[in-house]
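Listing of data_37.cif; format and content: mmCIF, C-alpha atoms and all ligand atoms.
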data_entry
loop_
_atom_site.label_atom_id
_atom_site.label_comp_id
_atom_site.auth_asym_id
_atom_site.auth_seq_id
_atom_site.Cartn_x
_atom_site.Cartn_y
_atom_site.Cartn_z
CA MET A 1 -11.99 -9.08 20.30
CA LYS A 2 -13.26 -11.93 22.46
CA ASP A 3 -10.26 -12.31 24.77
CA LEU A 4 -8.98 -8.79 24.32
CA LYS A 5 -11.78 -6.69 25.73
CA ILE A 6 -10.89 -3.50 27.53
CA ASP A 7 -13.23 -1.39 29.59
CA LEU A 8 -14.12 1.45 27.28
CA GLY A 9 -16.11 3.48 29.84
CA ALA A 10 -14.83 7.04 29.33
CA ASP A 11 -13.50 7.44 32.87
CA LYS A 12 -11.96 3.97 32.92
CA ILE A 13 -9.62 4.27 29.96
CA LYS A 14 -6.21 5.50 30.97
CA ILE A 15 -5.17 6.94 27.66
CA GLU A 16 -2.67 9.73 27.53
CA LYS A 17 -3.28 11.32 24.17
CA LYS A 18 -0.23 11.16 21.91
CA LYS A 19 0.87 14.03 19.69
CA ASP A 20 1.97 11.83 16.79
CA PHE A 21 1.38 8.45 15.17
CA LEU A 22 4.82 7.40 13.93
CA THR A 23 5.01 3.77 14.97
CA LEU A 24 2.88 1.40 17.03
CA LYS A 25 5.86 1.15 19.38
CA ASP A 26 4.56 4.38 20.95
CA TYR A 27 1.05 3.02 21.52
CA SER A 28 -0.06 0.76 24.35
CA ARG A 29 -2.23 -2.31 23.99
CA ASP A 30 -5.21 -0.41 25.41
CA GLU A 31 -4.69 2.53 23.07
CA ILE A 32 -4.62 0.19 20.08
CA LEU A 33 -7.78 -1.58 21.24
CA TYR A 34 -9.44 1.78 21.85
CA LEU A 35 -8.67 2.88 18.27
CA LEU A 36 -10.12 -0.37 16.94
CA SER A 37 -13.32 0.12 18.85
CA LEU A 38 -13.53 3.73 17.65
CA ALA A 39 -13.07 2.52 14.04
CA ALA A 40 -15.97 0.10 14.49
CA ASP A 41 -18.20 2.89 15.87
CA ILE A 42 -17.23 5.20 13.03
CA LYS A 43 -17.90 2.58 10.37
CA LYS A 44 -21.36 1.94 11.87
CA GLU A 45 -22.39 5.53 12.59
CA LYS A 46 -20.48 7.85 10.29
CA GLU A 47 -22.78 10.86 10.73
CA ILE A 48 -22.03 11.24 14.48
CA PHE A 49 -18.43 12.07 13.64
CA GLY A 50 -19.23 14.40 10.72
CA ASP A 51 -17.60 17.60 12.00
CA ARG A 52 -14.85 16.33 14.28
CA LEU A 53 -12.14 17.88 12.11
CA LYS A 54 -13.92 21.17 11.46
CA GLY A 55 -11.39 23.99 11.12
CA ARG A 56 -8.41 21.60 10.98
CA ASN A 57 -5.87 21.85 8.18
CA ILE A 58 -3.97 18.66 7.52
CA ALA A 59 -1.36 18.34 4.78
CA MET A 60 -0.07 15.26 3.00
CA LEU A 61 3.54 15.04 1.88
CA PHE A 62 4.29 11.87 -0.07
CA ASP A 63 7.77 11.04 -1.42
CA LYS A 64 6.54 7.65 -2.67
CA HIS A 65 3.55 6.50 -4.68
CA SER A 66 0.25 5.77 -2.96
CA THR A 67 -3.34 4.96 -3.84
CA ARG A 68 -5.01 3.69 -0.65
CA THR A 69 -3.23 5.78 1.96
CA ARG A 70 -3.53 9.05 0.07
CA LEU A 71 -7.13 8.53 -1.04
CA SER A 72 -8.45 7.16 2.21
CA PHE A 73 -6.89 9.97 4.25
CA GLU A 74 -8.19 12.60 1.84
CA VAL A 75 -11.73 11.18 1.91
CA ALA A 76 -11.55 10.66 5.69
CA ILE A 77 -10.52 14.28 6.30
CA ALA A 78 -13.29 15.56 3.99
CA GLN A 79 -15.94 13.35 5.61
CA LEU A 80 -14.86 14.58 9.05
CA GLY A 81 -15.22 18.23 7.97
CA GLY A 82 -11.50 19.08 7.79
CA ASN A 83 -9.36 20.54 5.04
CA CYS A 84 -6.77 18.34 3.34
CA ILE A 85 -3.83 19.95 1.52
CA ASN A 86 -2.02 17.73 -0.93
CA LEU A 87 1.57 18.92 -1.11
CA ASP A 88 3.56 18.26 -4.24
CA ALA A 89 6.85 17.02 -2.76
CA SER A 90 8.85 18.05 -5.84
CA SER A 91 7.76 21.70 -5.67
CA LEU A 92 8.57 22.33 -2.01
CA GLN A 93 11.76 24.17 -1.02
CA ILE A 94 12.91 20.95 0.71
CA LYS A 95 13.77 19.71 -2.78
CA ARG A 96 16.07 22.74 -3.16
CA GLY A 97 17.83 22.11 0.11
CA GLU A 98 15.72 23.77 2.82
CA THR A 99 16.23 21.58 5.86
CA ILE A 100 13.51 19.33 7.21
CA GLN A 101 13.89 21.04 10.60
CA ASP A 102 13.22 24.49 9.12
CA SER A 103 10.35 23.19 6.99
CA ALA A 104 8.81 21.45 10.00
CA ARG A 105 8.93 24.67 12.03
CA VAL A 106 7.15 26.54 9.25
CA PHE A 107 4.56 23.77 8.71
CA GLY A 108 3.77 24.11 12.41
CA ARG A 109 2.84 27.77 11.91
CA TYR A 110 0.07 26.96 9.40
CA LEU A 111 -1.11 23.41 9.89
CA ASP A 112 -2.69 21.18 12.51
CA GLY A 113 -1.27 17.99 11.12
CA LEU A 114 0.97 16.40 8.53
CA ILE A 115 0.78 12.93 7.00
CA ILE A 116 4.11 11.84 5.54
CA ARG A 117 5.14 8.94 3.33
CA THR A 118 8.87 8.76 2.82
CA PHE A 119 11.97 6.55 2.82
CA ALA A 120 13.95 6.88 6.07
CA HIS A 121 11.89 6.58 9.24
CA GLU A 122 14.18 9.20 10.82
CA THR A 123 12.71 11.84 8.46
CA VAL A 124 9.26 11.37 9.97
CA GLN A 125 10.78 11.61 13.45
CA VAL A 126 12.61 14.84 12.57
CA PHE A 127 9.34 16.37 11.33
CA ALA A 128 7.63 15.36 14.57
CA ASP A 129 10.46 16.60 16.80
CA ASN A 130 10.67 19.99 15.12
CA SER A 131 7.03 20.98 14.96
CA ASN A 132 4.22 21.30 17.43
CA ILE A 133 1.74 19.68 15.05
CA THR A 134 0.58 16.08 14.82
CA VAL A 135 2.63 13.96 12.43
CA ILE A 136 1.25 10.71 11.03
CA ASN A 137 3.47 8.13 9.39
CA GLY A 138 1.86 7.13 6.09
CA LEU A 139 4.67 4.56 5.48
CA THR A 140 8.43 4.57 5.75
CA ASP A 141 10.96 1.92 4.78
CA LYS A 142 10.70 0.63 8.34
CA TYR A 143 7.08 0.87 9.42
CA HIS A 144 3.52 1.13 8.10
CA PRO A 145 1.51 1.63 11.31
CA CYS A 146 -1.70 2.87 9.60
CA GLN A 147 -1.79 -0.37 7.63
CA ALA A 148 -1.28 -2.56 10.69
CA LEU A 149 -3.92 -0.69 12.70
CA SER A 150 -6.42 -1.04 9.89
CA ASP A 151 -5.55 -4.72 9.43
CA LEU A 152 -6.28 -5.43 13.09
CA PHE A 153 -9.67 -3.83 12.52
CA THR A 154 -10.30 -6.10 9.51
CA ILE A 155 -9.20 -9.16 11.48
CA ASP A 156 -11.64 -8.16 14.21
CA GLU A 157 -14.44 -7.77 11.64
CA LEU A 158 -13.63 -11.23 10.34
CA GLY A 159 -14.27 -12.43 13.91
CA LEU A 160 -10.68 -13.64 14.26
CA LEU A 161 -9.07 -11.15 16.66
CA GLU A 162 -8.67 -13.59 19.50
CA LYS A 163 -5.94 -15.42 21.35
CA GLU A 164 -6.35 -18.65 19.31
CA LEU A 165 -5.85 -16.91 15.95
CA LYS A 166 -3.25 -18.60 13.78
CA PHE A 167 -1.81 -15.80 11.67
CA ALA A 168 0.90 -16.51 9.12
CA TYR A 169 2.74 -13.71 7.33
CA VAL A 170 4.73 -15.08 4.39
CA GLY A 171 7.25 -13.55 1.99
CA ASP A 172 9.44 -10.48 2.27
CA CYS A 173 9.76 -8.87 5.68
CA LYS A 174 9.73 -5.11 5.65
CA ASN A 175 7.63 -2.16 6.81
CA VAL A 176 4.25 -3.94 6.82
CA SER A 177 5.49 -7.09 8.55
CA ASN A 178 7.44 -4.99 11.09
CA SER A 179 4.29 -3.10 12.06
CA LEU A 180 2.20 -6.28 12.14
CA MET A 181 4.76 -7.99 14.40
CA ILE A 182 4.72 -5.01 16.77
CA ALA A 183 0.90 -4.91 16.80
CA PHE A 184 0.53 -8.63 17.37
CA SER A 185 3.08 -8.87 20.13
CA LYS A 186 1.61 -5.82 21.89
CA LEU A 187 -1.84 -7.42 21.84
CA GLY A 188 -0.56 -10.79 23.03
CA LEU A 189 -1.36 -12.57 19.76
CA ASN A 190 0.88 -15.19 18.19
CA ILE A 191 2.38 -14.49 14.78
CA THR A 192 4.20 -16.84 12.44
CA ILE A 193 6.58 -15.42 9.86
CA GLY A 194 7.26 -17.72 6.91
CA CYS A 195 10.33 -16.40 5.15
CA SER A 196 13.64 -17.21 3.61
CA PRO A 197 16.36 -16.51 6.23
CA LYS A 198 17.90 -13.93 3.90
CA TYR A 199 14.72 -11.84 3.75
CA GLY A 200 13.43 -12.27 7.28
CA PRO A 201 12.63 -9.62 9.88
CA ASN A 202 15.43 -7.22 10.75
CA TYR A 203 17.35 -7.95 13.94
CA GLU A 204 16.37 -4.79 15.83
CA THR A 205 12.61 -5.14 15.26
CA LEU A 206 12.71 -8.83 16.02
CA GLN A 207 14.52 -8.32 19.34
CA TYR A 208 12.08 -5.55 20.25
CA CYS A 209 9.10 -7.78 19.42
CA TYR A 210 10.54 -10.80 21.27
CA GLN A 211 10.66 -8.61 24.38
CA LEU A 212 7.06 -7.46 23.83
CA ALA A 213 5.92 -11.03 23.20
CA GLU A 214 7.52 -12.18 26.42
CA GLU A 215 5.63 -9.50 28.34
CA SER A 216 2.32 -10.24 26.59
CA LYS A 217 2.83 -14.03 26.72
CA SER A 218 2.61 -14.52 22.97
CA ARG A 219 4.90 -16.17 20.43
CA ILE A 220 6.72 -15.12 17.30
CA ASN A 221 7.62 -18.13 15.17
CA ILE A 222 10.06 -17.72 12.32
CA ILE A 223 9.81 -20.64 9.89
CA ASP A 224 11.68 -21.07 6.63
CA ASN A 225 9.36 -23.73 5.22
CA PRO A 226 6.30 -22.05 3.64
CA PHE A 227 4.02 -25.08 4.07
CA GLU A 228 4.90 -25.46 7.76
CA ALA A 229 4.44 -21.72 8.25
CA VAL A 230 0.85 -21.74 6.98
CA ALA A 231 -0.16 -25.15 8.41
CA GLY A 232 -3.63 -24.69 9.95
CA ALA A 233 -3.50 -20.90 9.47
CA ASP A 234 -6.71 -18.86 9.83
CA ILE A 235 -5.12 -15.96 8.01
CA ILE A 236 -2.31 -15.86 5.46
CA TYR A 237 -0.93 -12.38 4.85
CA THR A 238 1.58 -11.28 2.25
CA ASP A 239 3.16 -8.13 0.82
CA VAL A 240 5.14 -7.38 -2.33
CA TRP A 241 8.65 -8.79 -2.62
CA ILE A 242 10.12 -5.63 -4.09
CA SER A 243 9.02 -2.64 -2.03
CA MET A 244 9.00 0.97 -3.17
CA GLY A 245 12.54 2.26 -3.29
CA ASP A 246 14.04 -1.26 -3.40
CA LYS A 247 16.07 -2.39 -6.39
CA ASP A 248 14.50 -5.04 -8.61
CA SER A 249 16.28 -8.30 -7.88
CA GLU A 250 15.92 -11.53 -9.79
CA GLU A 251 17.86 -13.30 -7.05
CA LYS A 252 15.36 -12.15 -4.42
CA ILE A 253 12.36 -13.17 -6.52
CA ASN A 254 13.86 -16.64 -7.02
CA GLU A 255 14.69 -16.94 -3.34
CA LEU A 256 11.12 -16.04 -2.33
CA SER A 257 9.33 -18.02 -5.05
CA ALA A 258 8.49 -20.86 -2.63
CA PHE A 259 6.55 -18.34 -0.52
CA GLN A 260 4.09 -17.36 -3.25
CA VAL A 261 0.52 -17.34 -1.93
CA ASN A 262 -1.18 -19.73 -4.35
CA SER A 263 -3.82 -22.46 -4.15
CA LYS A 264 -1.18 -25.09 -3.34
CA LEU A 265 -0.07 -23.10 -0.28
CA LEU A 266 -3.68 -22.45 0.78
CA ALA A 267 -4.32 -26.19 0.85
CA TYR A 268 -2.10 -26.45 3.96
CA ALA A 269 -4.09 -23.81 5.84
CA ASN A 270 -7.40 -23.97 7.69
CA PRO A 271 -10.15 -24.70 5.07
CA GLY A 272 -11.79 -21.34 5.87
CA VAL A 273 -8.51 -19.43 5.66
CA LYS A 274 -8.68 -15.71 4.84
CA VAL A 275 -6.02 -14.14 2.67
CA MET A 276 -4.84 -10.60 3.32
CA HIS A 277 -2.54 -8.31 1.35
CA CYS A 278 -1.89 -4.63 2.04
CA LEU A 279 -1.93 -3.97 -1.74
CA PRO A 280 -0.79 -3.01 -4.30
CA ALA A 281 -0.28 -6.64 -5.34
CA HIS A 282 2.20 -7.86 -7.87
CA ARG A 283 -0.08 -10.50 -9.39
CA GLY A 284 1.78 -13.68 -10.29
CA GLN A 285 4.69 -12.85 -7.99
CA GLU A 286 3.93 -12.91 -4.24
CA ILE A 287 0.27 -13.90 -4.87
CA THR A 288 -1.65 -15.44 -7.76
CA SER A 289 -4.72 -13.81 -9.30
CA GLU A 290 -6.62 -16.99 -8.53
CA VAL A 291 -6.12 -16.41 -4.79
CA LEU A 292 -6.40 -12.62 -4.84
CA ASP A 293 -9.75 -12.78 -6.66
CA GLY A 294 -10.88 -16.02 -5.06
CA SER A 295 -13.30 -16.82 -2.25
CA HIS A 296 -10.64 -16.73 0.50
CA SER A 297 -9.55 -13.20 -0.30
CA ALA A 298 -10.34 -10.46 2.23
CA VAL A 299 -8.24 -7.84 0.45
CA TRP A 300 -11.03 -5.53 -0.74
CA GLN A 301 -12.63 -5.37 2.69
CA GLN A 302 -9.11 -4.78 4.00
CA ALA A 303 -8.60 -1.89 1.56
CA GLU A 304 -11.96 -0.31 2.46
CA ASN A 305 -11.13 -0.48 6.14
CA ARG A 306 -8.16 1.83 5.69
CA LEU A 307 -10.77 4.61 5.47
CA HIS A 308 -12.54 3.69 8.71
CA ALA A 309 -9.37 3.02 10.69
CA GLN A 310 -7.82 6.26 9.52
CA LYS A 311 -10.92 8.19 10.53
CA ALA A 312 -10.61 6.69 14.00
CA LEU A 313 -7.00 7.78 14.14
CA LEU A 314 -7.85 11.31 12.97
CA VAL A 315 -10.72 11.67 15.45
CA TYR A 316 -8.49 10.42 18.27
CA LEU A 317 -5.56 12.69 17.38
CA PHE A 318 -7.41 15.87 16.43
CA SER A 319 -10.70 15.90 18.29
CA GLU A 320 -11.43 16.69 21.94
CA ASN A 321 -13.04 14.03 24.11
CA PHE A 322 -11.71 11.03 22.18
N1 LIG B 1 -1.43 -0.37 1.35
C1 LIG B 1 -1.05 0.87 1.02
O1 LIG B 1 -0.47 1.62 1.82
O2 LIG B 1 -1.42 1.23 -0.24
P1 LIG B 1 -0.89 2.51 -1.02
O3 LIG B 1 0.58 2.31 -1.24
O4 LIG B 1 -1.68 2.52 -2.28
O5 LIG B 1 -1.14 3.72 -0.17
N1 LIG B 2 6.17 -3.03 1.46
C1 LIG B 2 5.42 -2.23 0.51
C2 LIG B 2 4.14 -1.79 1.11
C3 LIG B 2 3.25 -0.96 0.21
C4 LIG B 2 2.00 -0.53 0.87
C5 LIG B 2 6.27 -1.05 0.08
O1 LIG B 2 6.91 -0.44 0.94
O2 LIG B 2 6.30 -0.74 -1.11
#
File written out as structure tokens:
Amino acid sequence: MKDLKIDLGADKIKIEKKKDFLTLKDYSRDEILYLLSLAADIKKEKEIFGDRLKGRNIAMLFDKHSTRTRLSFEVAIAQLGGNCINLDASSLQIKRGETIQDSARVFGRYLDGLIIRTFAHETVQVFADNSNITVINGLTDKYHPCQALSDLFTIDELGLLEKELKFAYVGDCKNVSNSLMIAFSKLGLNITIGCSPKYGPNYETLQYCYQLAEESKSRINIIDNPFEAVAGADIIYTDVWISMGDKDSEEKINELSAFQVNSKLLAYANPGVKVMHCLPAHRGQEITSEVLDGSHSAVWQQAENRLHAQKALLVYLFSENF
């Protein structure tokens, strides 16, 4: 965080604690940097934070599959002394028509927090607006803020979270790239998106991020040539081409094939380039096994860091004095 230091002295940070974590849009640059520094402390000195969630009941409601988000939150809550309740989405009354508003009101009578993974981002917002408890977005079609927060932490660990970083996201632009674009432009870091025009960032998020980038004096480059996009990159990041809930599309796979992260693409990047992927990977589609398992890959460190970053988020949202 060479150029991005903030003064973390307790009385110097002007952080107004938020109720929810729905999108990084709601979090300031300083709040994001504070969470990153908390994640680093937690990773180093786990035991100090051992009972920060004591007496807290946090439920998880997932309408989509998950390995990392579900597991890392469950382990994080247990290691912080809290109680995690895994809700089976199909057995709740919501599936029989009880409204989200009514369910949210009831959840608020029992729980301290709710982690949701679902389709429409609006659903997460409705839960947050209709309950007094903390709601965390564990991924929607539009955003994946827990992933982006954790990825910033990994980039910092790699020693690359600095103004000169050349970061290239390539492939399909969806929830993960939206959250990364927001995070980068909030922090004043440049981001290059290598994509086919048809599958680029959505207009609304792009306009929002252009505005942020102007304020933070950073750049968002959208490039449709994959080799130009990764030229000299320190980090190449990709995500699946067919996201959960999206229809399989041969046309889309063909359209994106030039953006596959393979050894030919890596040859255009910085020789020490690191490769990131939120996972799960579709080996042989957006990334080759050779790259995923190769020496440039940072994906397993990236996956582990979901645990530490999520603990930081939980401590910040649910514990006094953080
Ligand atoms: N990256 C990520 O969110 O993984 P899961 O879908 O396994 O939770
Ligand atoms: N874009 C992917 C991310 C998975 C973590 C999806 O939504 O399926």
Sphere at (3.4, 21.5, 12.7), radius 8 Å, counting all atoms listed in the file: residues as a ChimeraX atom specification:
/A:104-114,127-128,130-135
Rounded to one decimal place, report the atom C1 of ligand LIG 2 (chain B)-atom CA of A:Ile94 distance in Å.
24.4 Å
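Near ligand LIG 2 (chain B), the residues found within 6 Å are Lys174, Asn175, Val176, Asp239, Val240, Ser243, Met244, Cys278 and Leu279 of chain A (criterion computed using only C-alpha atoms and all ligand atoms).
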Selection as a compact mmCIF listing (two decimals) with C-alpha atoms, keeping the file's coordinate frame: residues within 10 Å of ligand LIG 1 (chain B) by all atoms listed in the file:
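And here's out12.txt as it stands now:
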# COMPACT_ATOMS: atom_id res chain seq x y z
CA PHE A 62 4.29 11.87 -0.07
CA LYS A 64 6.54 7.65 -2.67
CA HIS A 65 3.55 6.50 -4.68
CA SER A 66 0.25 5.77 -2.96
CA THR A 67 -3.34 4.96 -3.84
CA ARG A 68 -5.01 3.69 -0.65
CA THR A 69 -3.23 5.78 1.96
CA ARG A 70 -3.53 9.05 0.07
CA LEU A 71 -7.13 8.53 -1.04
CA SER A 72 -8.45 7.16 2.21
CA PHE A 73 -6.89 9.97 4.25
CA ARG A 117 5.14 8.94 3.33
CA GLY A 138 1.86 7.13 6.09
CA LEU A 139 4.67 4.56 5.48
CA HIS A 144 3.52 1.13 8.10
CA PRO A 145 1.51 1.63 11.31
CA CYS A 146 -1.70 2.87 9.60
CA GLN A 147 -1.79 -0.37 7.63
CA ALA A 148 -1.28 -2.56 10.69
CA SER A 150 -6.42 -1.04 9.89
CA VAL A 176 4.25 -3.94 6.82
CA ASP A 239 3.16 -8.13 0.82
CA SER A 243 9.02 -2.64 -2.03
CA MET A 244 9.00 0.97 -3.17
CA HIS A 277 -2.54 -8.31 1.35
CA CYS A 278 -1.89 -4.63 2.04
CA LEU A 279 -1.93 -3.97 -1.74
CA PRO A 280 -0.79 -3.01 -4.30
CA ALA A 281 -0.28 -6.64 -5.34
CA GLN A 302 -9.11 -4.78 4.00
CA ALA A 303 -8.60 -1.89 1.56
CA ARG A 306 -8.16 1.83 5.69
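Between atom CA of A:Leu187 and atom CA of A:Glu215 lies a distance of 10.1 Å.
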Could you jot down the atom CA of A:Lys44 to atom CA of A:Asn57 separation for me, Å, one decimal place?
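Interatomic distance here is 25.5 Å.
For the choices A:Ile242, A:Ala258, A:Leu165, A:Leu149, the atom-to-atom distance to A:Leu35 is smallest for A:Leu149 when using only C-alpha atoms.
With all atoms listed in the file as the atoms that count, the minimum distance from A:Ile116 to the choices A:Val273, A:Met60, A:Ala39, A:Ile155 is reached by A:Met60.
If you measure from each of A:Met276, A:Thr288, A:Ala78, A:Lys252 to A:Lys264 using only C-alpha atoms, the closest one turns out to be A:Thr288.
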Residues within 12 Å of (1.2, -13.6, -11.2), counting only C-alpha atoms, listed as JSON, numbers by chain
{"A": [240, 257, 260, 261, 262, 281, 282, 283, 284, 285, 286, 287, 288, 289, 290, 291, 292, 293]}
Go through A:Arg29, A:Lys166, A:Arg96, A:Arg52 one by one, measure the shortest atom-to-atom distance of each to A:Ser319 using all atoms listed in the file, and give the residue with the smallest value.
A:Arg52
Select, from A:Asn202, A:Ser103, A:Phe153, A:Asp63, the residue with the minimum atom-to-atom distance to A:Asp41, counting all atoms listed in the file.
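Result for the nearest residue to A:Asp41: A:Phe153.
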A:Leu256: which residues within 9 Å, counting all atoms listed in the file, same-chain residues fewer than 6 positions away excluded, as a list in words?
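Counting all atoms listed in the file, the residues come to Gly171, Asp172, Cys195, Ser196, Tyr199, Trp241 and Glu286 of chain A.
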Neighbours of stretch 205-207 of chain A within 12 Å (only C-alpha atoms; same-chain residues fewer than 4 positions away dropped), as a list in words?
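Here the qualifying residues turn out to be Thr23, Leu24, Lys25, Lys142, Tyr143, Cys173, Lys174, Asn175, Val176, Ser177, Asn178, Ser179, Leu180, Met181, Ile182, Ala183, Ser185, Ile191, Ile193, Gly200, Pro201, Gln211, Leu212, Ala213, Glu214, Arg219, Ile220, Asn221 and Ile222 of chain A.
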Option closest in space to A:Lys198, from A:Ser28, A:Asn254, A:Ser90, A:Asn137 [counting only C-alpha atoms]:
A:Asn254
